[in-house]
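Structure data (mmCIF, C-alpha atoms (C1' of nucleotides)) from target_7.cif:
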```
data_target
loop_
_atom_site.label_atom_id
_atom_site.label_comp_id
_atom_site.auth_asym_id
_atom_site.auth_seq_id
_atom_site.Cartn_x
_atom_site.Cartn_y
_atom_site.Cartn_z
CA MET A 10 -15.15 6.84 34.80
CA SER A 11 -14.16 6.56 31.24
CA ARG A 12 -12.33 9.18 29.26
CA SER A 13 -14.69 11.70 27.72
CA TYR A 14 -14.83 12.21 23.99
CA GLY A 15 -14.97 15.94 24.64
CA GLN A 16 -17.49 16.46 21.87
CA TYR A 17 -20.61 18.53 22.25
CA CYS A 18 -22.73 15.92 20.50
CA GLY A 19 -25.60 13.95 21.96
CA LEU A 20 -24.25 10.61 20.86
CA ALA A 21 -20.80 11.32 22.27
CA LYS A 22 -22.30 12.52 25.55
CA THR A 23 -24.40 9.38 25.80
CA LEU A 24 -21.36 7.21 25.17
CA ASP A 25 -19.46 9.15 27.83
CA VAL A 26 -22.01 7.76 30.30
CA VAL A 27 -22.92 4.30 29.00
CA GLY A 28 -20.36 3.66 26.28
CA ASP A 29 -17.84 1.77 28.37
CA ARG A 30 -17.58 -1.95 28.00
CA TRP A 31 -20.32 -3.86 29.87
CA ASN A 32 -22.32 -0.76 30.72
CA LEU A 33 -25.20 -1.30 28.32
CA LEU A 34 -25.31 -4.99 29.20
CA ILE A 35 -25.70 -4.07 32.85
CA VAL A 36 -28.57 -1.79 31.88
CA ARG A 37 -30.08 -4.68 29.91
CA GLN A 38 -29.99 -6.85 33.04
CA LEU A 39 -31.65 -4.14 35.09
CA LEU A 40 -34.30 -3.67 32.42
CA VAL A 41 -35.33 -7.25 33.17
CA ALA A 42 -35.67 -6.50 36.87
CA PRO A 43 -33.87 -4.82 39.74
CA ALA A 44 -31.12 -7.14 40.88
CA ARG A 45 -28.61 -7.90 43.58
CA TYR A 46 -24.89 -7.88 42.87
CA ARG A 47 -24.79 -11.64 42.61
CA GLU A 48 -27.71 -11.81 40.23
CA LEU A 49 -25.96 -9.29 37.99
CA GLN A 50 -22.85 -11.45 37.94
CA ASP A 51 -24.93 -14.47 36.99
CA GLY A 52 -26.74 -12.58 34.25
CA LEU A 53 -23.51 -11.17 32.82
CA PRO A 54 -21.36 -14.23 32.16
CA GLY A 55 -17.78 -13.20 31.49
CA ILE A 56 -17.67 -10.01 33.52
CA ALA A 57 -14.90 -9.68 36.09
CA THR A 58 -16.13 -8.86 39.56
CA ASN A 59 -14.01 -5.74 39.88
CA LEU A 60 -15.35 -4.45 36.59
CA LEU A 61 -18.91 -5.00 37.71
CA ALA A 62 -18.23 -3.01 40.86
CA ASP A 63 -16.52 -0.26 38.87
CA ARG A 64 -19.28 -0.01 36.30
CA LEU A 65 -22.01 0.07 38.93
CA ARG A 66 -20.25 2.96 40.60
CA ASP A 67 -19.89 4.76 37.27
CA LEU A 68 -23.52 4.22 36.37
CA GLU A 69 -24.56 5.40 39.80
CA THR A 70 -22.60 8.64 39.61
CA GLY A 71 -23.86 9.00 36.05
CA GLY A 72 -27.45 8.93 37.27
CA VAL A 73 -28.40 5.76 35.42
CA VAL A 74 -28.52 3.35 38.36
CA GLU A 75 -29.49 3.68 41.99
CA ARG A 76 -28.44 1.43 44.80
CA ARG A 77 -31.02 0.86 47.46
CA LEU A 78 -31.54 -1.32 50.48
CA ALA A 79 -34.01 -4.05 49.70
CA GLY A 80 -36.01 -6.46 51.78
CA GLU A 81 -34.63 -7.74 55.04
CA GLY A 82 -31.37 -6.70 56.59
CA ASN A 83 -28.78 -4.83 54.61
CA ALA A 84 -29.33 -6.46 51.23
CA ILE A 85 -28.29 -4.07 48.44
CA GLU A 86 -30.33 -3.92 45.28
CA TYR A 87 -29.54 -2.10 42.05
CA VAL A 88 -32.34 -0.34 40.17
CA LEU A 89 -32.49 1.82 37.08
CA THR A 90 -33.38 5.45 37.62
CA PRO A 91 -36.30 6.71 35.52
CA TRP A 92 -33.79 8.24 33.12
CA GLY A 93 -31.81 5.01 33.01
CA ALA A 94 -34.97 3.08 32.18
CA GLU A 95 -35.43 5.32 29.16
CA LEU A 96 -32.49 3.51 27.62
CA ARG A 97 -34.99 0.79 26.76
CA GLU A 98 -35.87 2.52 23.49
CA PRO A 99 -32.36 2.79 22.02
CA ILE A 100 -31.46 -0.63 23.40
CA GLU A 101 -34.45 -2.13 21.65
CA GLY A 102 -33.27 -0.44 18.48
CA LEU A 103 -29.83 -1.98 18.84
CA ILE A 104 -31.41 -5.38 19.44
CA ARG A 105 -33.49 -5.06 16.29
CA TRP A 106 -30.37 -4.09 14.38
CA SER A 107 -28.67 -7.28 15.50
CA THR A 108 -31.12 -9.57 13.72
CA PRO A 109 -28.70 -10.53 10.91
CA LEU A 110 -26.16 -11.47 13.56
CA MET A 111 -28.62 -13.70 15.38
CA THR A 112 -30.09 -15.72 12.55
CA SER A 113 -26.97 -17.85 12.28
CA GLY A 114 -27.87 -19.25 15.67
CA PRO A 115 -25.87 -19.47 18.85
CA GLY A 116 -22.43 -20.98 18.47
CA ASN A 117 -20.64 -21.47 21.73
CA ASP A 118 -22.30 -18.36 23.13
CA ARG A 119 -23.92 -18.42 26.53
CA PHE A 120 -27.61 -17.96 26.71
CA ARG A 121 -29.88 -16.76 29.50
CA PRO A 122 -33.63 -17.05 29.10
CA GLU A 123 -34.11 -13.75 30.93
CA TRP A 124 -32.51 -11.92 28.00
CA LEU A 125 -35.64 -12.76 26.03
CA VAL A 126 -37.58 -10.52 28.38
CA VAL A 127 -35.90 -7.53 26.77
CA ALA A 128 -35.32 -8.93 23.29
CA LEU A 129 -38.72 -10.39 22.45
CA PRO A 130 -40.75 -7.21 22.97
CA ALA A 131 -38.12 -5.35 20.93
CA LEU A 132 -38.46 -7.78 18.05
CA LEU A 133 -42.17 -8.43 18.15
CA SER A 134 -43.75 -5.15 19.18
CA GLY A 135 -45.23 -2.86 16.60
CA ARG A 136 -45.69 -5.51 13.95
CA GLY A 137 -48.74 -7.53 13.06
CA SER A 138 -46.81 -10.76 13.10
CA ALA A 139 -43.20 -11.74 13.36
CA THR A 140 -41.34 -14.94 12.71
CA VAL A 141 -39.02 -16.20 15.40
CA GLY A 142 -36.88 -19.30 15.14
CA ILE A 143 -36.25 -21.53 18.09
CA ALA A 144 -33.59 -24.19 18.34
CA VAL A 145 -34.49 -26.86 20.85
CA ASP A 146 -32.39 -29.98 21.20
CA GLY A 147 -31.00 -29.45 17.72
CA GLN A 148 -34.48 -29.18 16.26
CA MET A 149 -35.24 -25.90 14.55
CA LEU A 150 -38.76 -24.57 14.81
CA GLN A 151 -40.29 -21.29 13.77
CA VAL A 152 -43.05 -19.40 15.49
CA CYS A 153 -45.03 -17.06 13.29
CA GLY A 154 -48.23 -15.57 14.59
CA ALA A 155 -50.38 -18.49 15.61
CA GLU A 156 -48.32 -21.11 13.78
CA VAL A 157 -45.51 -23.20 15.16
CA SER A 158 -43.85 -25.29 12.46
CA PRO A 159 -40.47 -26.70 11.49
CA HIS A 160 -38.16 -24.03 10.17
CA ASP A 161 -38.62 -23.72 6.42
CA GLY A 162 -35.52 -21.69 5.67
CA ARG A 163 -37.21 -18.32 5.36
CA ASP A 164 -35.82 -15.22 7.01
CA LEU A 165 -36.31 -15.06 10.72
CA GLU A 166 -36.54 -12.06 13.01
CA ALA A 167 -34.32 -13.86 15.46
CA ILE A 168 -33.26 -17.27 16.53
CA VAL A 169 -33.21 -18.14 20.17
CA ARG A 170 -31.98 -21.24 21.86
CA ALA A 171 -34.06 -22.02 24.84
CA ASP A 172 -35.14 -24.69 27.21
CA ALA A 173 -38.53 -26.28 26.95
CA ALA A 174 -40.17 -23.91 29.39
CA VAL A 175 -39.11 -20.86 27.41
CA VAL A 176 -40.26 -22.39 24.17
CA LEU A 177 -43.66 -23.03 25.67
CA GLY A 178 -43.80 -19.49 26.92
CA LEU A 179 -42.66 -18.04 23.63
CA ALA A 180 -45.20 -20.10 21.74
CA ALA A 181 -47.91 -19.05 24.16
CA GLY A 182 -46.88 -15.44 23.70
CA ALA A 183 -46.69 -15.64 19.93
CA LEU A 184 -50.05 -17.38 19.73
CA THR A 185 -51.76 -14.33 21.12
CA LEU A 186 -49.36 -11.62 20.04
CA ASP A 187 -51.28 -10.29 17.07
CA GLY A 188 -52.88 -7.08 18.15
CA ALA A 189 -51.96 -7.37 21.80
CA ARG A 190 -48.55 -6.59 23.25
CA GLY A 191 -47.10 -9.74 24.74
CA LEU A 192 -44.23 -10.38 27.05
CA VAL A 193 -42.83 -13.71 28.10
CA GLU A 194 -42.01 -13.65 31.75
CA ILE A 195 -39.51 -16.09 33.13
CA GLU A 196 -38.84 -16.76 36.75
CA GLY A 197 -35.91 -18.90 37.69
CA ASP A 198 -34.42 -21.70 35.66
CA GLU A 199 -37.11 -24.33 35.51
CA ALA A 200 -39.65 -21.87 36.70
CA ALA A 201 -43.16 -21.16 35.66
CA VAL A 202 -43.49 -19.21 32.44
CA ARG A 203 -46.48 -17.05 31.96
CA THR A 204 -47.49 -14.47 29.43
CA VAL A 205 -48.25 -10.94 30.48
CA PHE A 206 -50.00 -8.30 28.44
CA ASP A 207 -50.13 -4.56 28.46
CA ARG A 208 -46.98 -4.22 30.46
CA MET B 103 -11.53 -6.78 16.29
CA SER B 104 -12.73 -6.41 19.77
CA ARG B 105 -13.18 -9.22 22.23
CA SER B 106 -16.59 -10.80 21.96
CA TYR B 107 -18.94 -10.92 24.90
CA GLY B 108 -19.77 -14.50 23.94
CA GLN B 109 -23.43 -13.96 24.76
CA TYR B 110 -26.25 -15.05 22.52
CA CYS B 111 -28.10 -11.78 23.00
CA GLY B 112 -28.92 -9.20 20.37
CA LEU B 113 -27.51 -6.31 22.35
CA ALA B 114 -24.26 -8.14 23.05
CA LYS B 115 -23.94 -9.15 19.40
CA THR B 116 -24.50 -5.57 18.32
CA LEU B 117 -21.86 -4.34 20.74
CA ASP B 118 -19.47 -6.99 19.44
CA VAL B 119 -19.64 -5.15 16.10
CA VAL B 120 -20.06 -1.47 16.99
CA GLY B 121 -19.44 -1.37 20.74
CA ASP B 122 -15.75 -0.52 20.61
CA ARG B 123 -14.67 2.98 21.41
CA TRP B 124 -15.16 5.45 18.52
CA ASN B 125 -17.14 3.00 16.39
CA LEU B 126 -20.56 4.59 16.78
CA LEU B 127 -19.09 8.05 16.34
CA ILE B 128 -17.59 6.94 13.03
CA VAL B 129 -21.03 5.70 12.02
CA ARG B 130 -22.45 9.08 13.04
CA GLN B 131 -20.00 10.82 10.73
CA LEU B 132 -20.91 8.55 7.85
CA LEU B 133 -24.62 9.14 8.51
CA VAL B 134 -23.92 12.77 7.64
CA ALA B 135 -22.32 11.81 4.36
CA PRO B 136 -19.81 9.40 2.85
CA ALA B 137 -16.35 10.68 3.66
CA ARG B 138 -12.68 10.40 2.93
CA TYR B 139 -10.20 9.37 5.60
CA ARG B 140 -9.18 12.95 6.20
CA GLU B 141 -12.73 14.19 6.53
CA LEU B 142 -13.37 11.50 9.14
CA GLN B 143 -10.36 12.64 11.12
CA ASP B 144 -11.62 16.22 11.00
CA GLY B 145 -15.12 15.22 12.07
CA LEU B 146 -13.84 13.06 14.93
CA PRO B 147 -11.66 15.41 16.96
CA GLY B 148 -9.55 13.45 19.39
CA ILE B 149 -9.28 10.18 17.52
CA ALA B 150 -5.80 8.81 16.93
CA THR B 151 -5.06 7.98 13.32
CA ASN B 152 -4.12 4.39 14.04
CA LEU B 153 -7.42 3.89 15.85
CA LEU B 154 -9.36 5.35 12.96
CA ALA B 155 -7.63 2.96 10.60
CA ASP B 156 -8.26 0.02 12.95
CA ARG B 157 -11.91 0.86 13.46
CA LEU B 158 -12.54 1.34 9.74
CA ARG B 159 -11.08 -2.10 9.12
CA ASP B 160 -13.23 -3.59 11.88
CA LEU B 161 -16.37 -1.92 10.61
CA GLU B 162 -15.59 -3.05 7.10
CA THR B 163 -15.15 -6.71 8.06
CA GLY B 164 -18.23 -6.35 10.25
CA GLY B 165 -20.30 -5.35 7.24
CA VAL B 166 -21.12 -1.86 8.52
CA VAL B 167 -18.87 0.19 6.26
CA GLU B 168 -17.67 -0.20 2.70
CA ARG B 169 -14.62 1.37 1.17
CA ARG B 170 -15.01 2.38 -2.42
CA LEU B 171 -13.11 4.33 -5.05
CA ALA B 172 -14.67 7.73 -5.53
CA GLY B 173 -14.32 10.41 -8.14
CA GLU B 174 -11.04 10.89 -9.97
CA GLY B 175 -7.96 8.79 -9.54
CA ASN B 176 -7.62 6.43 -6.61
CA ALA B 177 -9.46 8.45 -3.98
CA ILE B 178 -10.87 6.14 -1.31
CA GLU B 179 -14.23 6.94 0.20
CA TYR B 180 -15.98 5.31 3.14
CA VAL B 181 -19.72 4.65 2.95
CA LEU B 182 -22.20 2.93 5.21
CA THR B 183 -23.66 -0.31 3.93
CA PRO B 184 -27.47 -0.45 3.91
CA TRP B 185 -27.32 -2.41 7.15
CA GLY B 186 -24.90 0.08 8.64
CA ALA B 187 -27.23 2.93 7.72
CA GLU B 188 -29.95 1.22 9.74
CA LEU B 189 -28.01 2.22 12.83
CA ARG B 190 -29.64 5.62 12.37
CA GLU B 191 -32.66 4.55 14.40
CA PRO B 192 -30.85 3.39 17.57
CA ILE B 193 -28.37 6.26 17.26
CA GLU B 194 -31.24 8.73 17.14
CA GLY B 195 -32.59 7.06 20.27
CA LEU B 196 -29.27 7.49 22.04
CA ILE B 197 -29.16 11.12 20.97
CA ARG B 198 -32.65 11.74 22.37
CA TRP B 199 -31.58 10.05 25.60
CA SER B 200 -28.69 12.49 25.94
CA THR B 201 -30.91 15.56 26.26
CA PRO B 202 -30.34 16.03 30.01
CA LEU B 203 -26.61 15.92 29.33
CA MET B 204 -26.82 18.61 26.66
CA THR B 205 -28.97 21.21 28.37
CA SER B 206 -26.07 22.35 30.54
CA GLY B 207 -24.47 23.65 27.38
CA PRO B 208 -21.06 22.96 25.90
CA GLY B 209 -18.16 23.43 28.27
CA ASN B 210 -14.82 23.07 26.62
CA ASP B 211 -16.24 20.46 24.26
CA ARG B 212 -15.56 20.67 20.56
CA PHE B 213 -18.46 21.30 18.29
CA ARG B 214 -18.97 20.58 14.62
CA PRO B 215 -22.03 22.00 12.87
CA GLU B 216 -22.34 18.85 10.77
CA TRP B 217 -23.28 16.90 13.91
CA LEU B 218 -26.57 18.79 13.84
CA VAL B 219 -27.40 17.01 10.62
CA VAL B 220 -27.89 13.82 12.61
CA ALA B 221 -28.98 15.31 15.92
CA LEU B 222 -31.66 17.77 14.86
CA PRO B 223 -33.86 15.30 12.99
CA ALA B 224 -33.52 12.94 15.95
CA LEU B 225 -34.69 15.62 18.38
CA LEU B 226 -37.32 17.31 16.28
CA SER B 227 -38.92 14.56 14.23
CA GLY B 228 -42.16 13.02 15.31
CA ARG B 229 -43.25 15.90 17.52
CA GLY B 230 -45.55 18.79 16.81
CA SER B 231 -43.08 21.27 18.20
CA ALA B 232 -39.82 21.12 20.05
CA THR B 233 -37.81 23.67 21.95
CA VAL B 234 -34.16 23.95 21.12
CA GLY B 235 -31.76 26.32 22.78
CA ILE B 236 -28.98 28.02 20.93
CA ALA B 237 -26.01 29.77 22.45
CA VAL B 238 -24.55 32.39 20.16
CA ASP B 239 -21.81 34.71 21.33
CA GLY B 240 -22.78 34.07 24.93
CA GLN B 241 -26.40 34.92 24.25
CA MET B 242 -28.88 32.14 24.91
CA LEU B 243 -31.88 31.91 22.61
CA GLN B 244 -34.58 29.34 22.27
CA VAL B 245 -36.35 28.21 19.16
CA CYS B 246 -39.81 26.74 19.69
CA GLY B 247 -42.02 26.18 16.71
CA ALA B 248 -42.26 29.51 14.95
CA GLU B 249 -40.90 31.55 17.85
CA VAL B 250 -37.35 32.59 18.46
CA SER B 251 -36.93 34.29 21.84
CA PRO B 252 -34.43 34.68 24.64
CA HIS B 253 -34.13 31.55 26.73
CA ASP B 254 -36.65 31.68 29.55
CA GLY B 255 -35.22 28.88 31.66
CA ARG B 256 -37.71 26.21 30.65
CA ASP B 257 -36.66 22.71 29.72
CA LEU B 258 -35.05 22.43 26.34
CA GLU B 259 -34.78 19.47 24.01
CA ALA B 260 -31.17 20.33 23.42
CA ILE B 261 -28.78 23.20 23.41
CA VAL B 262 -26.41 23.69 20.56
CA ARG B 263 -23.64 26.14 20.16
CA ALA B 264 -23.38 27.27 16.61
CA ASP B 265 -22.16 30.01 14.38
CA ALA B 266 -24.55 32.54 12.95
CA ALA B 267 -25.10 30.64 9.72
CA VAL B 268 -26.23 27.55 11.55
CA VAL B 269 -28.53 29.53 13.78
CA LEU B 270 -30.17 31.07 10.76
CA GLY B 271 -30.57 27.65 9.22
CA LEU B 272 -31.96 26.16 12.42
CA ALA B 273 -34.40 29.00 12.84
CA ALA B 274 -35.47 28.65 9.23
CA GLY B 275 -35.95 24.93 9.81
CA ALA B 276 -37.86 25.37 13.05
CA LEU B 277 -40.10 28.01 11.56
CA THR B 278 -41.48 25.50 9.15
CA LEU B 279 -40.96 22.33 11.11
CA ASP B 280 -44.50 21.83 12.35
CA GLY B 281 -46.05 19.22 10.19
CA ALA B 282 -43.19 18.91 7.74
CA ARG B 283 -39.95 17.09 8.37
CA GLY B 284 -37.08 19.53 8.27
CA LEU B 285 -33.36 19.11 8.03
CA VAL B 286 -30.73 21.79 8.29
CA GLU B 287 -28.06 21.16 5.72
CA ILE B 288 -24.64 22.62 6.24
CA GLU B 289 -21.93 22.78 3.63
CA GLY B 290 -18.50 23.87 4.65
CA ASP B 291 -17.64 26.25 7.45
CA GLU B 292 -19.08 29.57 6.40
CA ALA B 293 -21.14 27.91 3.77
CA ALA B 294 -24.66 28.38 2.63
CA VAL B 295 -27.28 26.91 4.94
CA ARG B 296 -30.51 25.74 3.47
CA THR B 297 -33.43 23.79 4.73
CA VAL B 298 -34.43 20.58 3.05
CA PHE B 299 -37.66 18.68 3.46
CA ASP B 300 -38.82 15.16 2.98
CA ARG B 301 -35.31 13.82 3.04
"C1'" DC C 180 -22.73 -17.01 51.77
"C1'" DC C 181 -22.71 -11.71 49.73
"C1'" DG C 182 -20.44 -7.56 48.17
"C1'" DC C 183 -16.97 -5.96 46.98
"C1'" DA C 184 -11.28 -4.58 47.07
"C1'" DT C 185 -6.48 -5.84 45.71
"C1'" DC C 186 -3.07 -7.64 42.87
"C1'" DC C 187 -1.15 -9.11 38.72
"C1'" DT C 188 -0.82 -9.88 33.67
"C1'" DC C 189 -1.81 -8.80 29.15
"C1'" DA C 190 -4.65 -6.49 25.62
"C1'" DT C 191 -6.27 -2.09 24.11
"C1'" DG C 192 -6.22 2.89 23.60
"C1'" DG C 193 -3.73 7.23 22.79
"C1'" DA C 194 -0.01 10.33 21.10
"C1'" DT C 195 3.50 11.01 17.95
"C1'" DA C 196 6.63 9.99 14.25
"C1'" DC C 197 7.17 8.18 9.97
"C1'" DT C 198 6.34 6.21 5.03
"C1'" DG C 199 4.58 4.84 0.11
"C1'" DC D 195 -3.29 12.00 1.44
"C1'" DA D 196 -3.94 7.76 3.68
"C1'" DG D 197 -2.54 5.32 6.32
"C1'" DT D 198 1.82 2.26 9.48
"C1'" DA D 199 4.96 1.80 13.11
"C1'" DT D 200 6.30 2.61 17.66
"C1'" DC D 201 6.10 3.47 22.39
"C1'" DC D 202 3.82 4.43 26.65
"C1'" DA D 203 -0.36 4.80 29.65
"C1'" DT D 204 -4.58 2.91 30.73
"C1'" DG D 205 -8.07 -0.52 31.10
"C1'" DA D 206 -9.85 -5.35 30.85
"C1'" DG D 207 -9.69 -10.06 32.63
"C1'" DG D 208 -8.74 -13.45 36.04
"C1'" DA D 209 -7.53 -15.05 40.67
"C1'" DT D 210 -7.76 -14.26 45.25
"C1'" DG D 211 -8.60 -12.01 49.77
"C1'" DC D 212 -11.52 -10.21 53.26
"C1'" DG D 213 -14.88 -8.00 56.26
"C1'" DG D 214 -19.83 -8.28 57.44
#
```
What would you get if you wrote out this structure as structure tokens?
Amino acid sequence: MSRSYGQYCGLAKTLDVVGDRWNLLIVRQLLVAPARYRELQDGLPGIATNLLADRLRDLETGGVVERRLAGEGNAIEYVLTPWGAELREPIEGLIRWSTPLMTSGPGNDRFRPEWLVVALPALLSGRGSATVGIAVDGQMLQVCGAEVSPHDGRDLEAIVRADAAVVLGLAAGALTLDGARGLVEIEGDEAAVRTVFDR
Amino acid sequence: MSRSYGQYCGLAKTLDVVGDRWNLLIVRQLLVAPARYRELQDGLPGIATNLLADRLRDLETGGVVERRLAGEGNAIEYVLTPWGAELREPIEGLIRWSTPLMTSGPGNDRFRPEWLVVALPALLSGRGSATVGIAVDGQMLQVCGAEVSPHDGRDLEAIVRADAAVVLGLAAGALTLDGARGLVEIEGDEAAVRTVFDR
DNA sequence: CCGCATCCTCATGGATACTG
DNA sequence: CAGTATCCATGAGGATGCGG
């Protein structure tokens, strides 16, 4: 566990539980879907294995994460508790806040398509239309409502670098986003991408 | 500066800027009001002075905080940039998330009335009525809409420990909160407490 | 393989003293 | 007042080991 701030303040208390390095990123991964230890490692490039184990223990004792036996045999799966899942709202707020940091595009940063599953609803929900930039093979496109066009230099809600499948999914989602609440769902690396509504 | 996660993800990018220990609490203080170095130290019990200096530098280069010359002479004041002030939304979300951690009351935690300036709007805004518990001199009261009564054991939005002046201000705010947006404003330690609307 | 635990090194945080 | 400088304790990061 991390050292407590010792302040009777909601923000400080929250940070006592999820403020340690990697903690909120672990929650982000579990907001995508419940996951095995190995899947968490894959979705959190850069984390040391001992830290992942430590943080999962902390989050478990903190009441944010539950470990449960899944499927066949003794496979362990990590799931957010109902309270832990309520971190979606503030996390979406933090993602929206990051927009100015994202519009410069990815440098040498890693990218995982699954992160879009949390980020896109955060950026696109609650607005009539939003403009998202996509960099594919060096080409910059923008998706705005029903239009997909080359990037014209205007402000973007976010820029994502993605493989072709994700771009197709994002475009499909954006095409029908106005009014409805869309979510791009990605399964696997080259996997099928489909658009889900009213999640 | 802190070590970057190196992930092209909005949450990770946000945490690269404000994820270090103490950073969000410094932002909380500056959401109350612009402040001098000394005032920040007072409002952040437990922070080491070198860390405060480090974090202020980080936040300044990160574009969250600006240092400016205030008033007479060469007095330095720290202010949130417009972008930094937009952290209010996710911070309010994190404060709301902390409710289960607050209802057990303050233990040996420090408490600063000014923290209510950020927390109370976060907990009370957007709802017809909210129930807030107040511990005064060992007595537990609850404020719900227009009623102030002894705590009856029901769920509370938050519990705050406060001096009499703050309680009066909170009650005054709660009494008129339905419909209007209220904010308890505290000045000084024993200072006048008044209720402001439509901030 | 998966799910961690151990060990080691170095960066960061924390407390205190000190300075322009 | 507004920070620096210093020193020590703790935590992060990386490699590796190990039982099921």
Item to check | Selection under test: the PyMOL selection byres ((chain A) within 12 of (chain C)); residues as JSON, numbers by chain | outcome: {"A": [11, 12, 30, 45, 46, 47, 48, 49, 50, 57, 58, 59, 60, 61, 62, 63, 65, 66, 83, 84, 85, 86]}
Filtering to C-alpha atoms, could you give me those residues as a compact mmCIF listing (two decimals), in the frame of the given file?
```txt
# COMPACT_ATOMS: atom_id res chain seq x y z
CA SER A 11 -14.16 6.56 31.24
CA ARG A 12 -12.33 9.18 29.26
CA ARG A 30 -17.58 -1.95 28.00
CA ARG A 45 -28.61 -7.90 43.58
CA TYR A 46 -24.89 -7.88 42.87
CA ARG A 47 -24.79 -11.64 42.61
CA GLU A 48 -27.71 -11.81 40.23
CA LEU A 49 -25.96 -9.29 37.99
CA GLN A 50 -22.85 -11.45 37.94
CA ALA A 57 -14.90 -9.68 36.09
CA THR A 58 -16.13 -8.86 39.56
CA ASN A 59 -14.01 -5.74 39.88
CA LEU A 60 -15.35 -4.45 36.59
CA LEU A 61 -18.91 -5.00 37.71
CA ALA A 62 -18.23 -3.01 40.86
CA ASP A 63 -16.52 -0.26 38.87
CA LEU A 65 -22.01 0.07 38.93
CA ARG A 66 -20.25 2.96 40.60
CA ASN A 83 -28.78 -4.83 54.61
CA ALA A 84 -29.33 -6.46 51.23
CA ILE A 85 -28.29 -4.07 48.44
CA GLU A 86 -30.33 -3.92 45.28
```
Closest-contact table, chain A side, partner chain B, 9 Å, counting all atoms listed in the file, as a Markdown table:
```
| residue | atom | partner | partner_atom | distance |
| --- | --- | --- | --- | --- |
| A:Tyr14 | CA | B:Gly148 | CA | 7.1 |
| A:Gly15 | CA | B:Asp211 | CA | 4.7 |
| A:Gln16 | CA | B:Arg212 | CA | 4.8 |
| A:Tyr17 | CA | B:Asp211 | CA | 5.2 |
| A:Cys18 | CA | B:Trp217 | CA | 6.7 |
| A:Gly19 | CA | B:Ile197 | CA | 4.7 |
| A:Leu20 | CA | B:Ile197 | CA | 4.9 |
| A:Ala21 | CA | B:Leu127 | CA | 7.0 |
| A:Lys22 | CA | B:Ser200 | CA | 6.4 |
| A:Thr23 | CA | B:Ser200 | CA | 5.3 |
| A:Leu24 | CA | B:Leu196 | CA | 8.5 |
| A:Gly28 | CA | B:Arg123 | CA | 7.5 |
| A:Asp29 | CA | B:Arg123 | CA | 7.7 |
| A:Arg30 | CA | B:Gly121 | CA | 7.5 |
| A:Trp31 | CA | B:Tyr107 | CA | 8.7 |
| A:Leu33 | CA | B:Leu113 | CA | 8.1 |
| A:Leu34 | CA | B:Ala114 | CA | 7.0 |
| A:Arg37 | CA | B:Leu113 | CA | 8.1 |
| A:Leu53 | CA | B:Gln109 | CA | 8.5 |
| A:Pro54 | CA | B:Gln109 | CA | 7.7 |
| A:Gly55 | CA | B:Tyr107 | CA | 7.1 |
| A:Ile56 | CA | B:Tyr107 | CA | 8.8 |
| A:Trp92 | CA | B:Trp199 | CA | 8.0 |
| A:Gly93 | CA | B:Trp199 | CA | 9.0 |
| A:Glu95 | CA | B:Trp199 | CA | 7.1 |
| A:Leu96 | CA | B:Trp199 | CA | 6.9 |
| A:Glu98 | CA | B:Gly195 | CA | 6.5 |
| A:Pro99 | CA | B:Gly195 | CA | 4.6 |
| A:Ile100 | CA | B:Leu113 | CA | 7.0 |
| A:Glu101 | CA | B:Pro192 | CA | 7.8 |
| A:Gly102 | CA | B:Pro192 | CA | 4.6 |
| A:Leu103 | CA | B:Pro192 | CA | 5.6 |
| A:Ile104 | CA | B:Gly112 | CA | 4.7 |
| A:Arg105 | CA | B:Gly112 | CA | 7.4 |
| A:Trp106 | CA | B:Leu189 | CA | 6.9 |
| A:Ser107 | CA | B:Gly112 | CA | 5.2 |
| A:Thr108 | CA | B:Gly112 | CA | 7.0 |
| A:Leu110 | CA | B:Lys115 | CA | 6.7 |
| A:Met111 | CA | B:Gly112 | CA | 6.7 |
| A:Gly114 | CA | B:Tyr110 | CA | 8.2 |
| A:Pro115 | CA | B:Tyr110 | CA | 5.8 |
| A:Gly116 | CA | B:Tyr110 | CA | 8.1 |
| A:Asn117 | CA | B:Gly108 | CA | 7.4 |
| A:Asp118 | CA | B:Gly108 | CA | 4.7 |
| A:Arg119 | CA | B:Gln109 | CA | 4.8 |
| A:Phe120 | CA | B:Tyr110 | CA | 5.3 |
| A:Arg121 | CA | B:Tyr110 | CA | 8.1 |
| A:Trp124 | CA | B:Cys111 | CA | 6.7 |
| A:Leu125 | CA | B:Cys111 | CA | 8.2 |
| A:Ala128 | CA | B:Gly112 | CA | 7.0 |
| A:Ala167 | CA | B:Gly112 | CA | 8.7 |
| A:Val169 | CA | B:Tyr110 | CA | 8.0 |
| A:Arg170 | CA | B:Tyr110 | CA | 8.5 |
```
Kindly assemble as a tab-separated table a list of the chain D residues that lie within 12 Å of chain B, each paired with its nearest atom pair and their distance in Å to one decimal, using only C-alpha atoms (C1' of nucleotides), sorted first by chain and then by ascending residue number.
```
residue	atom	partner	partner_atom	distance
D:DC195	C1'	B:Arg140	CA	7.6
D:DA196	C1'	B:Tyr139	CA	6.7
D:DG197	C1'	B:Ala155	CA	7.1
D:DT198	C1'	B:Asn152	CA	7.8
D:DA199	C1'	B:Asn152	CA	9.5
D:DT200	C1'	B:Asn152	CA	11.2
D:DA206	C1'	B:Arg105	CA	10.0
D:DG207	C1'	B:Arg105	CA	11.0
```
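Coordinates place atom CA of Pro184 of chain B at a distance of 17.6 Å from atom CA of Leu171 of chain B.
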Item to check | Selection near segment 70-74 of chain A, 6 Å with only C-alpha atoms (C1' of nucleotides), sequence-local residues under 5 positions removed, as a list in words | outcome: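 Result of the neighbour search: Val88, Leu89, Thr90 and Gly93 of chain A.
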